[in-house]
$ cat run24.csv   # CSV, C-alpha atoms
chain,number,residue,atom,x,y,z
A,1,ASP,CA,92.4,84.8,101.8
A,2,PHE,CA,92.2,88.6,101.6
A,3,TRP,CA,94.2,89.4,104.7
A,4,ILE,CA,96.7,86.5,104.4
A,5,VAL,CA,97.3,86.3,100.6
A,6,ASN,CA,95.7,89.1,98.6
A,7,LEU,CA,96.7,92.1,100.7
A,8,PRO,CA,100.3,91.0,101.2
A,9,ASN,CA,100.5,90.5,97.4
A,10,LEU,CA,99.1,94.0,96.9
A,11,LEU,CA,101.9,95.4,99.1
A,12,ASP,CA,104.5,93.8,96.8
A,13,ARG,CA,104.8,97.1,94.9
A,14,SER,CA,107.2,100.0,94.7
A,15,SER,CA,104.4,102.6,94.0
A,16,ALA,CA,104.0,105.4,96.6
A,17,GLN,CA,100.4,105.8,95.3
A,18,SER,CA,99.3,102.3,96.1
A,19,PRO,CA,95.8,102.0,97.6
A,20,ALA,CA,97.1,99.2,99.9
A,21,LEU,CA,99.8,101.6,101.2
A,22,PHE,CA,97.2,104.3,101.8
A,23,ALA,CA,95.1,101.7,103.7
A,24,TYR,CA,98.2,100.8,105.8
A,25,HIS,CA,98.9,104.5,106.7
A,26,ALA,CA,95.2,105.1,107.4
A,27,SER,CA,95.3,102.1,109.7
A,28,GLN,CA,98.3,103.3,111.5
A,29,ILE,CA,96.6,106.6,112.1
A,30,ARG,CA,93.4,104.9,113.3
A,31,LEU,CA,95.4,102.7,115.7
A,32,GLY,CA,97.3,105.7,117.1
A,33,ALA,CA,100.8,104.8,115.8
A,34,PRO,CA,103.7,107.1,116.5
A,35,VAL,CA,106.0,108.1,113.7
A,36,LEU,CA,108.7,105.5,113.5
A,37,PHE,CA,111.6,106.3,115.9
A,38,SER,CA,109.5,109.1,117.5
A,39,GLN,CA,106.9,109.8,120.2
A,40,LYS,CA,104.8,112.0,117.9
A,41,PRO,CA,101.7,110.5,116.5
A,42,ILE,CA,101.6,110.0,112.7
A,43,SER,CA,98.2,111.8,112.6
A,44,ALA,CA,99.8,115.0,113.9
A,45,LEU,CA,102.3,115.1,111.0
A,46,PHE,CA,99.8,114.3,108.4
A,47,ASP,CA,97.8,117.4,109.3
A,48,PRO,CA,97.3,119.4,106.0
A,49,ALA,CA,97.4,122.6,108.0
A,50,LEU,CA,101.1,122.1,108.7
A,51,ARG,CA,103.2,124.3,106.4
A,52,SER,CA,107.0,124.3,106.3
A,53,THR,CA,109.8,124.4,103.9
A,54,LYS,CA,110.6,120.8,104.6
A,55,LYS,CA,108.0,117.9,104.8
A,56,ALA,CA,107.4,116.8,108.4
A,57,LEU,CA,107.4,113.2,107.3
A,58,GLU,CA,109.6,111.4,104.8
A,59,ARG,CA,109.6,107.9,103.4
A,60,HIS,CA,112.6,106.2,104.9
A,61,HIS,CA,114.2,103.1,103.4
A,62,LEU,CA,114.5,100.8,106.4
A,63,PHE,CA,117.3,99.1,104.5
A,64,PRO,CA,118.8,102.3,102.8
A,65,ARG,CA,119.2,102.3,99.0
A,66,ALA,CA,122.9,103.0,99.0
A,67,TRP,CA,123.5,100.2,101.5
A,68,LEU,CA,121.4,97.8,99.5
A,69,GLU,CA,123.3,98.7,96.3
A,70,ARG,CA,126.6,98.0,98.1
A,71,GLN,CA,125.1,94.5,98.9
A,72,GLY,CA,124.5,94.0,95.2
A,73,ILE,CA,120.7,94.7,95.3
A,74,THR,CA,120.2,97.2,92.5
A,75,ASP,CA,116.7,96.6,91.2
A,76,LEU,CA,114.7,99.7,92.1
A,77,SER,CA,111.4,97.8,92.3
A,78,ASP,CA,113.0,95.7,95.1
A,79,ILE,CA,114.8,98.7,96.8
A,80,ASN,CA,111.7,100.9,96.7
A,81,GLN,CA,109.2,98.3,97.7
A,82,VAL,CA,106.6,99.6,100.1
A,83,ALA,CA,107.6,97.0,102.6
A,84,ASN,CA,111.1,98.7,102.8
A,85,LEU,CA,109.6,102.1,103.5
A,86,ALA,CA,108.4,103.7,106.7
A,87,LEU,CA,107.3,107.2,107.7
A,88,ILE,CA,109.9,109.0,109.8
A,89,GLU,CA,110.7,112.6,110.6
A,90,TRP,CA,113.2,114.2,108.2
A,91,PRO,CA,116.0,114.9,110.7
A,92,GLU,CA,116.0,111.2,111.6
A,93,ASN,CA,116.1,110.2,107.9
A,94,ILE,CA,119.1,112.5,107.4
A,95,ALA,CA,120.9,111.1,110.5
A,96,ILE,CA,120.5,107.5,109.3
A,97,SER,CA,121.7,108.3,105.8
A,98,ASP,CA,122.9,105.1,104.2
A,99,SER,CA,123.8,103.2,107.4
A,100,ALA,CA,123.0,99.5,107.7
A,101,PRO,CA,120.0,98.8,110.0
A,102,THR,CA,122.4,96.9,112.3
A,103,ASP,CA,124.4,100.1,112.7
A,104,TYR,CA,121.7,102.7,113.2
A,105,LEU,CA,119.1,100.7,115.1
A,106,PRO,CA,120.9,100.2,118.5
A,107,ALA,CA,121.2,103.9,119.1
A,108,VAL,CA,117.6,104.5,118.1
A,109,ARG,CA,116.3,101.7,120.3
A,110,GLU,CA,118.1,103.1,123.4
A,111,ARG,CA,115.7,106.1,123.3
A,112,PHE,CA,112.6,104.0,124.1
A,113,ARG,CA,111.5,101.9,127.0
A,114,PRO,CA,111.1,98.2,126.0
A,115,GLU,CA,107.3,98.4,125.9
A,116,GLU,CA,107.4,101.5,123.8
A,117,TRP,CA,109.8,99.9,121.3
A,118,SER,CA,107.6,96.7,121.2
A,119,ALA,CA,104.4,98.7,120.5
A,120,MET,CA,106.2,100.8,117.9
A,121,CYS,CA,107.5,97.7,116.0
A,122,ASN,CA,104.0,96.2,116.2
A,123,LEU,CA,102.3,99.3,114.7
A,124,HIS,CA,105.0,99.6,112.1
A,125,ALA,CA,104.9,96.0,111.1
A,126,LEU,CA,108.5,95.3,111.9
A,127,PRO,CA,109.4,91.7,112.4
A,128,GLU,CA,111.4,90.9,115.5
A,129,GLY,CA,115.1,91.1,114.7
A,130,TRP,CA,114.4,92.5,111.2
A,131,GLU,CA,117.7,94.4,111.1
A,132,HIS,CA,119.5,91.0,111.0
A,133,MET,CA,117.1,89.4,108.4
A,134,ASP,CA,117.9,88.6,104.8
A,135,TYR,CA,116.4,91.4,102.8
A,136,ALA,CA,114.0,89.2,100.7
A,137,ASP,CA,112.8,87.5,103.9
A,138,PHE,CA,112.3,90.8,105.6
A,139,LEU,CA,110.2,92.1,102.7
A,140,ALA,CA,108.0,89.0,102.7
A,141,ALA,CA,107.6,89.0,106.5
A,142,ARG,CA,106.9,92.7,106.7
A,143,ARG,CA,104.2,92.6,104.0
A,144,HIS,CA,102.3,90.1,106.0
A,145,LEU,CA,102.6,92.2,109.2
A,146,MET,CA,101.5,95.3,107.2
A,147,ALA,CA,98.4,93.4,106.1
A,148,ASP,CA,97.7,92.6,109.7
A,149,VAL,CA,98.0,96.3,110.7
A,150,VAL,CA,95.4,97.1,107.9
A,151,ARG,CA,93.2,94.3,109.3
A,152,ARG,CA,93.4,95.7,112.8
A,153,GLY,CA,92.7,99.2,111.5
A,154,TYR,CA,89.7,98.0,109.6
A,155,GLU,CA,88.4,96.1,112.7
A,156,ALA,CA,88.9,99.3,114.8
A,157,LEU,CA,86.3,101.0,112.6
A,158,GLN,CA,83.5,98.7,113.9
$ encode --input "run24.csv" --output "structure tokens"
Amino acid sequence: DFWIVNLPNLLDRSSAQSPALFAYHASQIRLGAPVLFSQKPISALFDPALRSTKKALERHHLFPRAWLERQGITDLSDINQVANLALIEWPENIAISDSAPTDYLPAVRERFRPEEWSAMCNLHALPEGWEHMDYADFLAARRHLMADVVRRGYEALQ
């Protein structure tokens, strides 16, 4: 029940300080996940020794806020739900801006070999064809996949 029901429900939040979200990011690091849409490992950009004027990683809305608002989704607890957020490098976040996933994803996908793209989607808990999904269905599916990433990260500790 924990992995299938409880943890996905704990990910149904908009808090950036959620213990379940911390477990997800820790699991991604443990599993060697790259930053979304990048070749760099997340662990390298979480390094506290890195100092710059701009954060190396930003929380990116997979379905951008302005785009969701144009679709009539205005509740911030839905827009900022942890299942809608992913860690990406700031230049990528700026380039995507408020574009629909169906608009920005094809160009991003071209930069990766199919096996790299598949592994990245797996480690970032992205359902296949997520850019075409209904937003509520996407959030529900991604929460379950995020819980599975946490489970795999936990199992990798043993």
$ residues_near_point --input "run24.csv" --point "(112.5, 110.1, 103.8)" --cutoff "10 Å" --atoms "only C-alpha atoms" --output "ChimeraX atom specification"
/A:55-62,85-94,97
$ atom_distance --input "run24.csv" --atom1 "CA of Gln71 in chain A" --atom2 "CA of Leu21 in chain A"
26.4 Å
$ residues_around --input "run24.csv" --residues "Ala83 in chain A" --least-positions-apart "4" --cutoff "7 Å" --atoms "all atoms listed in the file" --output "list in words"
Leu11, Leu139, Arg142 and Arg143 of chain A
$ atom_distance --input "run24.csv" --atom1 "CA of Asp134 in chain A" --atom2 "CA of Ile79 in chain A"
13.3 Å
$ residues_near_point --input "run24.csv" --point "(96.6, 89.0, 102.4)" --cutoff "10 Å" --atoms "all atoms listed in the file" --output "NGL selection string"
:A and (1-11 or 143-148 or 150-151)
$ residues_around --input "run24.csv" --residues "Gly129 in chain A" --least-positions-apart "4" --cutoff "12 Å" --atoms "all atoms listed in the file" --output "PyMOL selection string"
chain A and resi 101-102+105-106+118+121+125+133-135+137-138+141-142
$ residues_around --input "run24.csv" --residues "range 39-45 of chain A" --least-positions-apart "4" --cutoff "7 Å" --atoms "only C-alpha atoms" --output "PyMOL selection string"
chain A and resi 29+32-35+56-57
$ atom_distance --input "run24.csv" --atom1 "CA of Asn84 in chain A" --atom2 "CA of Leu157 in chain A"
26.8 Å
